[in-house]
Amino acid sequence: MWPRQGEVRCLLADAFYRMAYVEMGNPAAEPVLCVHGLTRNGRDFDPLMEALSERFLVIAPDLPGRGRSQWLPRGELYQPPIYVAALAHLLAAIGRPVMWVGTSLGGICGMMVAATSGQPITRMVLNDIGPHIPKAALVRIRDYMTAAPESFPDLAALEAYLRRVHAPFGKLPDAEWEAMARFSARPLPDGSFALHYDPKIAEPIRAQTPSDVDLWPLWDLIRVPVLAIRGAESDLLLPETLQRMTASGAQSLIVPGAGHAPALSDDASIAAIAAFLSGDSQR
């Protein structure tokens, strides 16, 4: 099944910008919004989308500056409040309650939305992200983004890079790495390829001195059921953070053989997410 493509126009800062998305499933079904991580794009969710589309309408945007979405003019605009503003336009276009699956940055955006009054999220899956983000993980992310090559001679070289820096996604089959490389590639005029995101997205991270991030006050405002997923080897969602999340009512899932962040393409993760989204438990 090939996803349908769409886009919304979002007023961000001083102008309208185009944000692209893909969707699968019956347009009349309950919507599930899947939001990707910092350097990724909506096509990361293809296996999950295909599995969930039998019951739900699954929508996966490319955040501004990624994939098919428009780049923003200044690096300082690549911040969570801007992403949430863009996603609010998509939520308005959907026009009804949604369930949310957020990986890393996508989970931060989900928490920001879910903590607001009158928000439309009914259930939320947080993939390897929580209310505490340790400094060491932010340093690692900053370093790999700073060291990313400007171009690759071919798709094979780009895929090899993705396999190395995203090894914590888990032991993915070759076909998934090949698809990830294809959707992560931006063709250049000389026939080489660049990563399919605006290099300026790294500017806010490079401009800040990394320190622990405390989002517990935001977490305390969330009143919807939450499934918190942790890669068993994650350096970003620490065991003690997950324990505190579950103590306050979240369900949890630990994905063996993965770090930050599980790809959510294995059968066990997909089954757990599908069961959670279909359930009626309350946080």
# chains A, B, ... in the order shown; residues from 1 in each chain; ligands from 1

$ select_by_dssp --residues "region 30-261 of chain A" --states "helix (DSSP H, G or I)" --output "NGL selection string"
:A and (42-52 or 75-77 or 80-94 or 105-114 or 135-146 or 155-165 or 167-169 or 174-183 or 199-207 or 216-219 or 239-247)

$ residues_around --residues "Glu76 (chain A)" --least-positions-apart "3" --cutoff "10 Å" --atoms "only C-alpha atoms" --output "PyMOL selection string"
chain A and resi 72-73+79+82+200-205+207

$ write_last_selection --atoms "N, CA and C atoms" --output "PDB file, in the first residue's frame"
ATOM      1  N   LEU A  72      12.583  26.620   6.502  1.00  0.00           N
ATOM      2  CA  LEU A  72      12.353  27.930   7.104  1.00  0.00           C
ATOM      3  C   LEU A  72      13.574  28.826   6.858  1.00  0.00           C
ATOM      4  N   PRO A  73      13.377  30.129   6.848  1.00  0.00           N
ATOM      5  CA  PRO A  73      14.461  31.016   6.415  1.00  0.00           C
ATOM      6  C   PRO A  73      15.595  31.183   7.420  1.00  0.00           C
ATOM      7  N   GLN A  79      12.531  25.352  16.384  1.00  0.00           N
ATOM      8  CA  GLN A  79      12.353  25.141  17.816  1.00  0.00           C
ATOM      9  C   GLN A  79      10.993  24.491  18.048  1.00  0.00           C
ATOM     10  N   ILE A  82       7.642  26.359  17.336  1.00  0.00           N
ATOM     11  CA  ILE A  82       7.322  26.532  15.918  1.00  0.00           C
ATOM     12  C   ILE A  82       6.752  25.239  15.352  1.00  0.00           C
ATOM     13  N   LYS A 200      20.198  23.884   8.694  1.00  0.00           N
ATOM     14  CA  LYS A 200      20.005  24.911   9.727  1.00  0.00           C
ATOM     15  C   LYS A 200      19.263  24.383  10.947  1.00  0.00           C
ATOM     16  N   ILE A 201      18.647  23.172  10.854  1.00  0.00           N
ATOM     17  CA  ILE A 201      17.945  22.661  12.032  1.00  0.00           C
ATOM     18  C   ILE A 201      18.906  22.418  13.193  1.00  0.00           C
ATOM     19  N   ALA A 202      20.210  22.298  12.899  1.00  0.00           N
ATOM     20  CA  ALA A 202      21.198  22.071  13.957  1.00  0.00           C
ATOM     21  C   ALA A 202      21.595  23.348  14.669  1.00  0.00           C
ATOM     22  N   GLU A 203      21.268  24.504  14.112  1.00  0.00           N
ATOM     23  CA  GLU A 203      21.754  25.761  14.687  1.00  0.00           C
ATOM     24  C   GLU A 203      21.275  25.996  16.122  1.00  0.00           C
ATOM     25  N   PRO A 204      20.005  25.772  16.457  1.00  0.00           N
ATOM     26  CA  PRO A 204      19.602  25.987  17.856  1.00  0.00           C
ATOM     27  C   PRO A 204      20.324  25.073  18.832  1.00  0.00           C
ATOM     28  N   ILE A 205      20.632  23.852  18.408  1.00  0.00           N
ATOM     29  CA  ILE A 205      21.334  22.918  19.290  1.00  0.00           C
ATOM     30  C   ILE A 205      22.772  23.354  19.489  1.00  0.00           C
ATOM     31  N   ALA A 207      23.878  26.335  19.302  1.00  0.00           N
ATOM     32  CA  ALA A 207      23.934  27.646  19.956  1.00  0.00           C
ATOM     33  C   ALA A 207      23.754  27.566  21.467  1.00  0.00           C
TER      34      ALA A 207
END

$ residues_around --residues "Leu12 (chain A)" --least-positions-apart "4" --cutoff "7 Å" --atoms "only C-alpha atoms" --output "list in words"
Phe16, Tyr17, Ile82, Ala85 and Ala86 of chain A

$ write_last_selection --atoms "C-alpha atoms" --output "compact mmCIF listing (two decimals), in the first residue's frame"
# COMPACT_ATOMS: atom_id res chain seq x y z
CA PHE A 16 3.04 30.92 5.50
CA TYR A 17 5.04 27.76 4.86
CA ILE A 82 7.32 26.53 15.92
CA ALA A 85 2.37 25.84 15.69
CA ALA A 86 2.78 23.97 12.39

$ residues_around --residues "Gly95 (chain A)" --least-positions-apart "4" --cutoff "10 Å" --atoms "only C-alpha atoms" --output "compact mmCIF listing (two decimals) with C-alpha atoms, in the first residue's frame"
# COMPACT_ATOMS: atom_id res chain seq x y z
CA PRO A 31 -7.12 9.66 13.17
CA HIS A 89 -2.55 23.86 11.56
CA LEU A 90 -2.61 20.17 10.68
CA LEU A 91 -4.77 19.40 13.73
CA PRO A 120 -7.56 17.37 20.86

$ residues_around --residues "region 49-63 of chain A" --least-positions-apart "6" --cutoff "6 Å" --atoms "only C-alpha atoms" --output "short mmCIF file (atom, residue, chain, number, x, y, z; two decimals) with N, CA and C atoms, in the first residue's frame"
data_model
loop_
_atom_site.label_atom_id
_atom_site.label_comp_id
_atom_site.auth_asym_id
_atom_site.auth_seq_id
_atom_site.Cartn_x
_atom_site.Cartn_y
_atom_site.Cartn_z
N ALA A 20 4.23 19.17 4.48
CA ALA A 20 3.72 17.99 3.79
C ALA A 20 3.42 16.87 4.77
N TYR A 21 2.55 15.97 4.34
CA TYR A 21 2.26 14.78 5.14
C TYR A 21 1.86 13.63 4.21
N VAL A 22 1.90 12.41 4.75
CA VAL A 22 1.33 11.25 4.07
C VAL A 22 0.28 10.66 4.99
N GLU A 23 -0.64 9.93 4.40
CA GLU A 23 -1.68 9.29 5.20
C GLU A 23 -2.08 7.95 4.60
N MET A 24 -2.54 7.06 5.45
CA MET A 24 -3.06 5.76 5.05
C MET A 24 -4.33 5.49 5.85
N GLY A 25 -5.25 4.75 5.24
CA GLY A 25 -6.45 4.33 5.95
C GLY A 25 -7.69 5.05 5.47
N ASN A 26 -8.81 4.64 6.05
CA ASN A 26 -10.11 5.20 5.71
C ASN A 26 -10.21 6.63 6.26
N PRO A 27 -10.46 7.63 5.42
CA PRO A 27 -10.54 9.02 5.91
C PRO A 27 -11.59 9.22 6.99
N ALA A 29 -12.12 7.04 9.45
CA ALA A 29 -11.72 6.33 10.66
C ALA A 29 -11.09 7.29 11.66
N GLU A 30 -10.89 6.80 12.90
CA GLU A 30 -10.25 7.61 13.93
C GLU A 30 -8.83 7.99 13.49
N PRO A 31 -8.46 9.26 13.62
CA PRO A 31 -7.12 9.66 13.17
C PRO A 31 -6.04 9.39 14.21
N VAL A 32 -4.89 8.97 13.71
CA VAL A 32 -3.68 8.81 14.51
C VAL A 32 -2.60 9.64 13.85
N LEU A 33 -2.03 10.58 14.60
CA LEU A 33 -0.98 11.45 14.08
C LEU A 33 0.37 10.93 14.56
N CYS A 34 1.27 10.63 13.61
CA CYS A 34 2.60 10.11 13.93
C CYS A 34 3.64 11.18 13.61
N ASN A 41 11.90 11.95 9.14
CA ASN A 41 10.74 12.40 8.38
C ASN A 41 9.60 11.41 8.57
N GLY A 42 8.43 11.77 8.06
CA GLY A 42 7.24 10.97 8.31
C GLY A 42 7.27 9.57 7.74
N SER A 69 8.60 18.93 3.23
CA SER A 69 8.12 20.20 3.77
C SER A 69 9.09 21.34 3.47
#

$ closest_residue --among "A:Ile94, A:Leu126, A:Ala148, A:Met99" --to "Met111 (chain A)" --atoms "only C-alpha atoms"
A:Leu126

$ closest_residue --among "A:Ala263, A:Gly37, A:Gln251, A:Ala92" --to "Pro80 (chain A)" --atoms "only C-alpha atoms"
A:Gly37

$ residues_around --residues "Leu138 (chain A)" --least-positions-apart "6" --cutoff "12 Å" --atoms "only C-alpha atoms" --output "list of chain:residue names"
A:Leu38, A:Ser104, A:Leu105, A:His132, A:Tyr144, A:Met145, A:Ala202, A:Pro204, A:Ile205, A:Arg206, A:Gln208, A:Thr209, A:Pro210, A:Ser211, A:Asp212, A:Val213, A:Asp235, A:Leu236, A:Leu237, A:His260

$ select_by_dssp --residues "region 162-255 of chain A" --states "strand (DSSP E)" --output "PDB file with C-alpha atoms, in the first residue's frame"
ATOM      1  CA  ALA A 185      18.072  11.443   0.384  1.00  0.00           C
ATOM      2  CA  ARG A 186      17.946  14.842  -1.314  1.00  0.00           C
ATOM      3  CA  PRO A 187      19.392  14.741  -4.843  1.00  0.00           C
ATOM      4  CA  PHE A 193      22.921  13.158  -2.350  1.00  0.00           C
ATOM      5  CA  ALA A 194      22.451  15.180   0.825  1.00  0.00           C
ATOM      6  CA  LEU A 195      20.398  14.314   3.873  1.00  0.00           C
ATOM      7  CA  VAL A 213      15.966  19.357  30.371  1.00  0.00           C
ATOM      8  CA  ASP A 214      13.180  19.241  32.962  1.00  0.00           C
ATOM      9  CA  VAL A 226       0.026   7.501  27.788  1.00  0.00           C
ATOM     10  CA  LEU A 227       2.069   4.555  26.537  1.00  0.00           C
ATOM     11  CA  ALA A 228       5.744   5.255  27.197  1.00  0.00           C
ATOM     12  CA  ILE A 229       8.136   3.205  25.043  1.00  0.00           C
ATOM     13  CA  ARG A 230      11.816   2.907  25.913  1.00  0.00           C
ATOM     14  CA  GLY A 231      14.665   1.345  23.977  1.00  0.00           C
ATOM     15  CA  GLN A 251       1.703   2.288  30.621  1.00  0.00           C
ATOM     16  CA  SER A 252       5.142   1.188  29.457  1.00  0.00           C
ATOM     17  CA  LEU A 253       6.913  -0.957  26.902  1.00  0.00           C
ATOM     18  CA  ILE A 254      10.634  -1.720  26.749  1.00  0.00           C
ATOM     19  CA  VAL A 255      12.008  -2.666  23.321  1.00  0.00           C
TER      20      VAL A 255
END
